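To start, the structure itself, in structure tokens.
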Amino acid sequence: MQSSSALFSLLIFISTSFLPINGEQLIIVNNCNENIWPGLLGGAGHPTLKDGGFHLGSGEEVVVDLPDKWSGRLWGRQGCSFDANGKGSCDTGDCSGLLHCQGTGGAPPATVVEMTLGSPTSPLHFYDVSLVDGFNLPVSMKPVGGGIGCGEASCDVDLNICCPSALEVRKNGKIVGCKSACLAMQSAKYCCTGEFGNPKSCKPTLFANLFKAICPKAYSYAFDDSTSLNKCRASRYVITFCPPKL
């Protein structure tokens, strides 16, 4: 009987392992030596989770349950100060001076984690770390336990250290962010808009190439898909701010 029971348990495990995955989770970890305030924004037709933002102390983590096929973005805010009503400001990633962003995106420059975890036409998950809106904090996203074809999206280096002077954002004498070329130059060529709004005419700039050389697993400009977009199917993903370098 014991062997039959063990076989039954094994069959149950195998069968459930290949069932459609619903109810995914994000594990958000603050590995930085400072407090951060993650911001979240649901994509079109998707809810904004955790009221759009919360405080996460150094060394802390939080688990966020996701609706089925959720799509949205997440970024870190730093140097924030809020009053009892949740109003204030952040040095980077600020969302209209609110603790709970509630549908407002983060002000650039900010390192952004983007994800689409399934769609009506595909069960695949797509995710990336983007420097298209500039950089403020190192961050990574990867599935818990790995998976077939599942990679890590990341920019695990502090780009503020090597930010070109034309792109620097300073607060109290300290470099807290590095602008994208689009934000700094305000031109269609650097923003991949207008006549440059396609992969044939929009090419990586000198600044994008610099970002790519330092963070090869992150989007450096709008059409940087081939080496930056990850495809996966997992039930749990960990997003780590200031990820440890292996």
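Residue numbering restarts at 1 for every chain of the structure tokens, chains are lettered A, B, ... in their displayed order, and ligands are numbered from 1 as they appear.
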
Residues of stretch 42-117 of chain A that have any atom at most 12 Å from an atom of stretch 226-243 of chain A: could you tabulate them with the shortest-distance atom pair and the distance in Å to one decimal, using only C-alpha atoms, ordered by chain and increasing number, as JSON lines?
{"residue": "A:Leu56", "atom": "CA", "partner": "A:Phe241", "partner_atom": "CA", "distance": 10.3}
{"residue": "A:Gly57", "atom": "CA", "partner": "A:Phe241", "partner_atom": "CA", "distance": 11.2}
{"residue": "A:Ser58", "atom": "CA", "partner": "A:Phe241", "partner_atom": "CA", "distance": 9.8}
{"residue": "A:Gly59", "atom": "CA", "partner": "A:Phe241", "partner_atom": "CA", "distance": 10.1}
{"residue": "A:Glu60", "atom": "CA", "partner": "A:Thr240", "partner_atom": "CA", "distance": 10.5}
{"residue": "A:Glu61", "atom": "CA", "partner": "A:Thr240", "partner_atom": "CA", "distance": 8.9}
{"residue": "A:Val62", "atom": "CA", "partner": "A:Val238", "partner_atom": "CA", "distance": 10.0}
{"residue": "A:Val63", "atom": "CA", "partner": "A:Val238", "partner_atom": "CA", "distance": 9.1}
{"residue": "A:Val64", "atom": "CA", "partner": "A:Arg236", "partner_atom": "CA", "distance": 9.9}
{"residue": "A:Asp65", "atom": "CA", "partner": "A:Arg236", "partner_atom": "CA", "distance": 9.4}
{"residue": "A:Leu66", "atom": "CA", "partner": "A:Arg236", "partner_atom": "CA", "distance": 9.7}
{"residue": "A:Pro67", "atom": "CA", "partner": "A:Ser235", "partner_atom": "CA", "distance": 11.7}
{"residue": "A:Asp68", "atom": "CA", "partner": "A:Ser235", "partner_atom": "CA", "distance": 10.6}
{"residue": "A:Lys69", "atom": "CA", "partner": "A:Ser235", "partner_atom": "CA", "distance": 11.2}
{"residue": "A:Arg73", "atom": "CA", "partner": "A:Ile239", "partner_atom": "CA", "distance": 11.5}
{"residue": "A:Leu74", "atom": "CA", "partner": "A:Ile239", "partner_atom": "CA", "distance": 9.3}
{"residue": "A:Trp75", "atom": "CA", "partner": "A:Phe241", "partner_atom": "CA", "distance": 9.2}
{"residue": "A:Gly76", "atom": "CA", "partner": "A:Phe241", "partner_atom": "CA", "distance": 7.6}
{"residue": "A:Arg77", "atom": "CA", "partner": "A:Phe241", "partner_atom": "CA", "distance": 10.5}
{"residue": "A:Gln78", "atom": "CA", "partner": "A:Phe241", "partner_atom": "CA", "distance": 11.2}
{"residue": "A:Thr111", "atom": "CA", "partner": "A:Phe241", "partner_atom": "CA", "distance": 10.0}
{"residue": "A:Val112", "atom": "CA", "partner": "A:Phe241", "partner_atom": "CA", "distance": 11.0}
{"residue": "A:Val113", "atom": "CA", "partner": "A:Ile239", "partner_atom": "CA", "distance": 8.4}
{"residue": "A:Glu114", "atom": "CA", "partner": "A:Leu229", "partner_atom": "CA", "distance": 9.6}
{"residue": "A:Met115", "atom": "CA", "partner": "A:Asn230", "partner_atom": "CA", "distance": 9.4}
{"residue": "A:Thr116", "atom": "CA", "partner": "A:Lys231", "partner_atom": "CA", "distance": 9.8}
{"residue": "A:Leu117", "atom": "CA", "partner": "A:Arg233", "partner_atom": "CA", "distance": 8.1}

All strand (DSSP E or B) positions in stretch 16-140 of chain A, as an NGL selection string:
:A and (25-30 or 36-42 or 53 or 56 or 61-65 or 71-78 or 81-82 or 87-89 or 92 or 98 or 112-119 or 122-130 or 135 or 139-140)

Would you mind telling me which residue in A:Gly118, A:Gly42, A:Gly147, A:Gly134 lies nearest to A:Ala208 when using only C-alpha atoms?
A:Gly134

Find the residues near A:Leu131: any atom within 12 Å, counting only C-alpha atoms, skip ones fewer than 2 places away on the same chain, and give them as a compact mmCIF listing (two decimals) with all heavy atoms, in the first residue's frame.
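For reference, out_39.txt as written:
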# COMPACT_ATOMS: atom_id res chain seq x y z
N TRP A 75 8.99 50.24 -9.99
CA TRP A 75 10.25 50.97 -9.89
C TRP A 75 10.51 51.32 -8.43
O TRP A 75 9.63 51.26 -7.58
CB TRP A 75 10.20 52.25 -10.75
CG TRP A 75 9.25 53.30 -10.26
CD1 TRP A 75 9.54 54.41 -9.51
CD2 TRP A 75 7.82 53.32 -10.45
NE1 TRP A 75 8.40 55.11 -9.23
CE2 TRP A 75 7.32 54.48 -9.81
CE3 TRP A 75 6.92 52.49 -11.13
CZ2 TRP A 75 5.98 54.82 -9.80
CZ3 TRP A 75 5.57 52.83 -11.12
CH2 TRP A 75 5.12 53.98 -10.46
N PRO A 108 10.88 60.20 -14.32
CA PRO A 108 12.23 59.81 -14.67
C PRO A 108 13.26 60.81 -14.14
O PRO A 108 12.89 61.97 -13.88
CB PRO A 108 12.20 59.80 -16.21
CG PRO A 108 11.12 60.75 -16.58
CD PRO A 108 10.10 60.68 -15.47
N PRO A 109 14.50 60.36 -13.95
CA PRO A 109 15.01 59.04 -14.28
C PRO A 109 14.66 58.00 -13.22
O PRO A 109 14.71 58.28 -12.02
CB PRO A 109 16.53 59.27 -14.34
CG PRO A 109 16.77 60.38 -13.35
CD PRO A 109 15.57 61.27 -13.46
N ALA A 110 14.33 56.80 -13.69
CA ALA A 110 14.03 55.68 -12.80
C ALA A 110 14.26 54.37 -13.54
O ALA A 110 13.87 54.25 -14.71
CB ALA A 110 12.58 55.75 -12.31
N THR A 111 14.88 53.44 -12.89
CA THR A 111 15.04 52.09 -13.43
C THR A 111 13.70 51.38 -13.30
O THR A 111 13.15 51.31 -12.20
CB THR A 111 16.11 51.30 -12.66
OG1 THR A 111 17.22 52.15 -12.37
CG2 THR A 111 16.58 50.10 -13.46
N VAL A 112 13.18 50.85 -14.39
CA VAL A 112 11.82 50.30 -14.40
C VAL A 112 11.85 48.80 -14.71
O VAL A 112 12.53 48.36 -15.63
CB VAL A 112 10.94 51.03 -15.45
CG1 VAL A 112 9.55 50.42 -15.50
CG2 VAL A 112 10.85 52.51 -15.11
N VAL A 113 11.07 48.04 -13.93
CA VAL A 113 10.84 46.62 -14.22
C VAL A 113 9.47 46.51 -14.88
O VAL A 113 8.47 46.95 -14.32
CB VAL A 113 10.87 45.76 -12.94
CG1 VAL A 113 10.69 44.29 -13.28
CG2 VAL A 113 12.17 45.98 -12.18
N GLU A 114 9.44 45.94 -16.08
CA GLU A 114 8.19 45.82 -16.84
C GLU A 114 7.84 44.34 -17.00
O GLU A 114 8.73 43.52 -17.19
CB GLU A 114 8.35 46.45 -18.23
CG GLU A 114 8.78 47.90 -18.19
CD GLU A 114 9.15 48.45 -19.56
OE1 GLU A 114 9.92 47.78 -20.30
OE2 GLU A 114 8.70 49.56 -19.88
N ASP A 128 11.22 42.52 -18.33
CA ASP A 128 12.50 43.16 -18.62
C ASP A 128 12.79 44.23 -17.59
O ASP A 128 11.91 44.69 -16.85
CB ASP A 128 12.49 43.79 -20.02
CG ASP A 128 11.52 44.95 -20.14
OD1 ASP A 128 11.88 46.07 -19.74
OD2 ASP A 128 10.38 44.73 -20.61
N VAL A 129 14.05 44.63 -17.52
CA VAL A 129 14.48 45.82 -16.78
C VAL A 129 14.85 46.87 -17.81
O VAL A 129 15.62 46.60 -18.74
CB VAL A 129 15.68 45.51 -15.87
CG1 VAL A 129 16.33 46.80 -15.36
CG2 VAL A 129 15.25 44.65 -14.69
N ASP A 133 13.87 54.98 -19.40
CA ASP A 133 13.50 56.17 -18.61
C ASP A 133 14.64 56.62 -17.70
O ASP A 133 14.42 57.34 -16.72
CB ASP A 133 12.26 55.89 -17.77
CG ASP A 133 11.00 55.75 -18.61
OD1 ASP A 133 10.96 56.34 -19.71
OD2 ASP A 133 10.08 55.05 -18.19
N GLY A 134 15.87 56.16 -17.99
CA GLY A 134 17.00 56.52 -17.16
C GLY A 134 17.23 55.52 -16.05
O GLY A 134 16.64 54.43 -16.02
N PHE A 135 18.09 55.88 -15.09
CA PHE A 135 18.51 54.97 -14.02
C PHE A 135 18.50 55.71 -12.69
O PHE A 135 18.88 56.87 -12.60
CB PHE A 135 19.93 54.47 -14.30
CG PHE A 135 20.55 53.68 -13.18
CD1 PHE A 135 20.44 52.30 -13.15
CD2 PHE A 135 21.23 54.31 -12.15
CE1 PHE A 135 20.99 51.56 -12.10
CE2 PHE A 135 21.78 53.59 -11.10
CZ PHE A 135 21.67 52.21 -11.08
N ASN A 136 18.04 54.98 -11.64
CA ASN A 136 18.23 55.51 -10.29
C ASN A 136 18.73 54.44 -9.31
O ASN A 136 19.54 54.73 -8.44
CB ASN A 136 16.96 56.17 -9.76
CG ASN A 136 15.83 55.20 -9.50
OD1 ASN A 136 15.72 54.14 -10.13
ND2 ASN A 136 14.95 55.54 -8.57
N LEU A 137 18.26 53.19 -9.47
CA LEU A 137 18.65 52.13 -8.55
C LEU A 137 18.94 50.83 -9.32
O LEU A 137 18.24 50.52 -10.28
CB LEU A 137 17.53 51.84 -7.54
CG LEU A 137 17.27 52.87 -6.44
CD1 LEU A 137 15.95 52.57 -5.75
CD2 LEU A 137 18.41 52.86 -5.42
N PRO A 138 19.93 50.05 -8.89
CA PRO A 138 20.13 48.72 -9.48
C PRO A 138 18.95 47.82 -9.11
O PRO A 138 18.42 47.89 -8.00
CB PRO A 138 21.42 48.21 -8.81
CG PRO A 138 22.07 49.42 -8.20
CD PRO A 138 20.95 50.35 -7.86
N VAL A 139 18.53 46.97 -10.04
CA VAL A 139 17.39 46.08 -9.78
C VAL A 139 17.46 44.87 -10.69
O VAL A 139 18.05 44.93 -11.78
CB VAL A 139 16.05 46.84 -9.97
CG1 VAL A 139 15.84 47.23 -11.42
CG2 VAL A 139 14.86 46.04 -9.46
N ALA A 153 16.47 39.38 -15.85
CA ALA A 153 16.52 40.76 -16.33
C ALA A 153 17.15 41.60 -15.24
O ALA A 153 16.74 41.51 -14.08
CB ALA A 153 15.11 41.26 -16.65
N SER A 154 18.15 42.39 -15.58
CA SER A 154 18.81 43.11 -14.49
C SER A 154 19.67 44.27 -14.99
O SER A 154 20.11 44.30 -16.14
CB SER A 154 19.70 42.16 -13.68
OG SER A 154 20.84 41.78 -14.43
N CYS A 155 19.86 45.22 -14.11
CA CYS A 155 20.96 46.17 -14.15
C CYS A 155 21.47 46.21 -12.73
O CYS A 155 20.87 46.87 -11.86
CB CYS A 155 20.51 47.56 -14.62
SG CYS A 155 21.89 48.73 -14.74
N ASP A 156 22.51 45.43 -12.45
CA ASP A 156 22.97 45.23 -11.07
C ASP A 156 24.16 46.12 -10.71
O ASP A 156 24.78 45.93 -9.66
CB ASP A 156 23.31 43.76 -10.83
CG ASP A 156 24.41 43.24 -11.77
OD1 ASP A 156 24.93 44.04 -12.57
OD2 ASP A 156 24.74 42.04 -11.69
N LEU A 159 24.84 52.72 -11.99
CA LEU A 159 25.23 53.55 -13.13
C LEU A 159 25.48 55.00 -12.73
O LEU A 159 26.11 55.75 -13.49
CB LEU A 159 24.16 53.50 -14.22
CG LEU A 159 24.00 52.19 -14.99
CD1 LEU A 159 22.90 52.33 -16.04
CD2 LEU A 159 25.31 51.79 -15.65
N GLY A 177 20.57 60.09 -9.75
CA GLY A 177 19.98 59.50 -10.93
C GLY A 177 20.77 59.86 -12.17
O GLY A 177 21.56 60.81 -12.18
N CYS A 178 20.55 59.07 -13.22
CA CYS A 178 21.22 59.28 -14.50
C CYS A 178 20.15 59.33 -15.58
O CYS A 178 19.45 58.35 -15.82
CB CYS A 178 22.21 58.15 -14.76
SG CYS A 178 23.34 58.46 -16.15
N LYS A 179 19.97 60.48 -16.21
CA LYS A 179 18.93 60.65 -17.21
C LYS A 179 19.17 59.78 -18.43
O LYS A 179 20.30 59.45 -18.76
CB LYS A 179 18.87 62.11 -17.66
CG LYS A 179 18.51 63.13 -16.61
CD LYS A 179 18.54 64.53 -17.20
CE LYS A 179 18.27 65.60 -16.17
NZ LYS A 179 18.35 66.96 -16.77
N SER A 180 18.10 59.46 -19.11
CA SER A 180 18.22 58.86 -20.44
C SER A 180 18.59 59.97 -21.41
O SER A 180 18.38 61.16 -21.15
CB SER A 180 16.90 58.22 -20.86
OG SER A 180 15.90 59.23 -21.02
N ALA A 181 19.14 59.57 -22.55
CA ALA A 181 19.47 60.57 -23.57
C ALA A 181 18.20 61.29 -24.04
O ALA A 181 18.23 62.48 -24.34
CB ALA A 181 20.17 59.90 -24.75
N CYS A 182 17.08 60.56 -24.08
CA CYS A 182 15.81 61.16 -24.49
C CYS A 182 15.43 62.30 -23.55
O CYS A 182 15.10 63.40 -23.98
CB CYS A 182 14.72 60.09 -24.52
SG CYS A 182 13.03 60.74 -24.75
N LEU A 183 15.50 62.05 -22.24
CA LEU A 183 15.11 63.06 -21.26
C LEU A 183 16.06 64.25 -21.30
O LEU A 183 15.63 65.40 -21.18
CB LEU A 183 15.10 62.44 -19.85
CG LEU A 183 14.67 63.35 -18.71
CD1 LEU A 183 13.23 63.80 -18.88
CD2 LEU A 183 14.84 62.64 -17.36
N PHE A 207 25.19 57.07 -25.58
CA PHE A 207 24.80 56.86 -24.18
C PHE A 207 24.15 55.49 -24.00
O PHE A 207 24.40 54.79 -23.02
CB PHE A 207 23.84 57.96 -23.74
CG PHE A 207 24.40 59.34 -23.85
CD1 PHE A 207 23.85 60.25 -24.73
CD2 PHE A 207 25.49 59.73 -23.10
CE1 PHE A 207 24.36 61.54 -24.85
CE2 PHE A 207 26.02 61.00 -23.21
CZ PHE A 207 25.46 61.91 -24.10
N ALA A 208 23.30 55.09 -24.96
CA ALA A 208 22.66 53.77 -24.88
C ALA A 208 23.70 52.67 -24.94
O ALA A 208 23.61 51.66 -24.22
CB ALA A 208 21.64 53.61 -26.01
N ASN A 209 24.70 52.84 -25.78
CA ASN A 209 25.77 51.85 -25.88
C ASN A 209 26.57 51.76 -24.58
O ASN A 209 27.00 50.67 -24.17
CB ASN A 209 26.71 52.18 -27.04
CG ASN A 209 26.11 51.82 -28.39
OD1 ASN A 209 25.35 50.87 -28.50
ND2 ASN A 209 26.44 52.59 -29.42
N LEU A 210 26.74 52.90 -23.92
CA LEU A 210 27.42 52.91 -22.62
C LEU A 210 26.62 52.12 -21.60
O LEU A 210 27.16 51.27 -20.88
CB LEU A 210 27.63 54.34 -22.14
CG LEU A 210 28.19 54.51 -20.72
CD1 LEU A 210 29.59 53.93 -20.62
CD2 LEU A 210 28.18 55.99 -20.31
N PHE A 211 25.30 52.41 -21.51
CA PHE A 211 24.44 51.69 -20.58
C PHE A 211 24.46 50.19 -20.88
O PHE A 211 24.50 49.35 -19.97
CB PHE A 211 23.00 52.20 -20.67
CG PHE A 211 22.78 53.55 -20.06
CD1 PHE A 211 21.59 54.23 -20.24
CD2 PHE A 211 23.76 54.16 -19.30
CE1 PHE A 211 21.36 55.48 -19.68
CE2 PHE A 211 23.56 55.41 -18.72
CZ PHE A 211 22.36 56.07 -18.92
N LYS A 212 24.42 49.83 -22.16
CA LYS A 212 24.36 48.43 -22.56
C LYS A 212 25.65 47.70 -22.20
O LYS A 212 25.62 46.53 -21.80
CB LYS A 212 24.10 48.32 -24.07
CG LYS A 212 23.70 46.91 -24.51
CD LYS A 212 22.36 46.53 -23.93
CE LYS A 212 21.90 45.17 -24.40
NZ LYS A 212 20.58 44.82 -23.83
N ILE A 214 27.54 48.27 -19.71
CA ILE A 214 27.62 48.06 -18.26
C ILE A 214 26.51 47.14 -17.76
O ILE A 214 26.71 46.32 -16.87
CB ILE A 214 27.55 49.42 -17.53
CG1 ILE A 214 28.72 50.31 -17.99
CG2 ILE A 214 27.60 49.23 -16.02
CD1 ILE A 214 28.63 51.73 -17.51
N CYS A 215 25.31 47.26 -18.37
CA CYS A 215 24.16 46.43 -17.98
C CYS A 215 23.61 45.71 -19.21
O CYS A 215 22.58 46.12 -19.78
CB CYS A 215 23.08 47.30 -17.35
SG CYS A 215 23.49 47.93 -15.71
N PRO A 216 24.27 44.64 -19.64
CA PRO A 216 23.85 43.96 -20.88
C PRO A 216 22.50 43.27 -20.80
O PRO A 216 21.94 42.92 -21.84
CB PRO A 216 24.98 42.94 -21.11
CG PRO A 216 25.59 42.73 -19.77
CD PRO A 216 25.48 44.04 -19.06
N LYS A 217 21.94 43.07 -19.58
CA LYS A 217 20.66 42.39 -19.43
C LYS A 217 19.50 43.35 -19.27
O LYS A 217 18.42 42.95 -18.84
CB LYS A 217 20.72 41.43 -18.24
CG LYS A 217 21.71 40.29 -18.40
CD LYS A 217 21.70 39.37 -17.18
CE LYS A 217 22.70 38.24 -17.33
NZ LYS A 217 22.71 37.36 -16.13
N ALA A 218 19.71 44.61 -19.63
CA ALA A 218 18.65 45.62 -19.51
C ALA A 218 18.44 46.32 -20.84
O ALA A 218 19.34 46.40 -21.67
CB ALA A 218 19.02 46.65 -18.44
N TYR A 219 17.22 46.83 -21.03
CA TYR A 219 16.91 47.65 -22.21
C TYR A 219 17.71 48.94 -22.13
O TYR A 219 17.66 49.64 -21.12
CB TYR A 219 15.42 48.01 -22.24
CG TYR A 219 14.56 47.12 -23.07
CD1 TYR A 219 14.03 45.95 -22.54
CD2 TYR A 219 14.26 47.44 -24.40
CE1 TYR A 219 13.21 45.12 -23.29
CE2 TYR A 219 13.45 46.62 -25.17
CZ TYR A 219 12.93 45.46 -24.61
OH TYR A 219 12.13 44.65 -25.36
N SER A 220 18.42 49.27 -23.19
CA SER A 220 19.18 50.51 -23.20
C SER A 220 18.50 51.58 -24.05
O SER A 220 18.75 52.77 -23.88
CB SER A 220 20.59 50.27 -23.73
OG SER A 220 20.56 49.73 -25.04
N TYR A 221 17.64 51.14 -25.00
CA TYR A 221 16.84 52.09 -25.79
C TYR A 221 15.59 51.35 -26.26
O TYR A 221 15.43 50.15 -26.02
CB TYR A 221 17.65 52.66 -26.97
CG TYR A 221 17.83 51.73 -28.15
CD1 TYR A 221 17.18 51.97 -29.35
CD2 TYR A 221 18.68 50.63 -28.07
CE1 TYR A 221 17.35 51.12 -30.45
CE2 TYR A 221 18.86 49.79 -29.15
CZ TYR A 221 18.20 50.04 -30.34
OH TYR A 221 18.36 49.19 -31.41
N ALA A 222 14.68 52.05 -26.90
CA ALA A 222 13.32 51.55 -27.13
C ALA A 222 13.26 50.22 -27.90
O ALA A 222 12.37 49.41 -27.65
CB ALA A 222 12.50 52.60 -27.86
N PHE A 223 14.18 49.98 -28.83
CA PHE A 223 14.08 48.79 -29.67
C PHE A 223 15.16 47.75 -29.35
O PHE A 223 15.59 47.00 -30.21
CB PHE A 223 14.12 49.18 -31.15
CG PHE A 223 12.96 50.05 -31.55
CD1 PHE A 223 13.15 51.41 -31.79
CD2 PHE A 223 11.69 49.53 -31.65
CE1 PHE A 223 12.08 52.22 -32.15
CE2 PHE A 223 10.60 50.33 -32.00
CZ PHE A 223 10.80 51.68 -32.25
N ASP A 224 15.57 47.73 -28.11
CA ASP A 224 16.63 46.82 -27.66
C ASP A 224 16.04 45.48 -27.21
O ASP A 224 16.31 44.99 -26.12
CB ASP A 224 17.38 47.49 -26.51
CG ASP A 224 18.66 46.77 -26.12
OD1 ASP A 224 19.11 45.93 -26.90
OD2 ASP A 224 19.18 47.07 -25.04
N SER A 228 17.26 41.77 -24.36
CA SER A 228 16.75 42.34 -23.11
C SER A 228 15.41 41.78 -22.65
O SER A 228 15.10 41.81 -21.47
CB SER A 228 16.62 43.86 -23.25
OG SER A 228 17.81 44.43 -23.73

Name the residues of stretch 94-185 of chain A that fall into helix (DSSP H, G or I) according to DSSP on the backbone, using the chain letters and numbers of this document, as a list in words.
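The helix (DSSP H, G or I) residues within stretch 94-185 of chain A come out as Leu159, Asn160, Ile161, Cys162, Ser165, Ala166, Leu167, Ala181, Cys182, Leu183, Ala184 and Met185 of chain A.
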
Shortest interatomic distance to A:Asp91 - which of A:Gly43, A:Asp225, A:Ile28, A:Lys171, counting only C-alpha atoms
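Closest to A:Asp91 of all the choices is A:Lys171.
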
For A:Phe126, which of A:Gly97, A:Gly151, A:Gly106, A:Pro164 is the closest residue, counting only C-alpha atoms?
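Closest residue, counting only C-alpha atoms: A:Gly151.
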
Of the residues A:Glu195, A:Asp51, A:Glu168, A:Glu152, which is the one nearest to A:Gly86, using only C-alpha atoms?
A:Asp51

One decimal place gives the atom CA of A:Ala84-atom CA of A:Ile36 separation as 17.5 Å

Hey, can you check how far atom CA of A:Leu99 sits from atom CA of A:Val29?
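So the answer is 18.2 Å.
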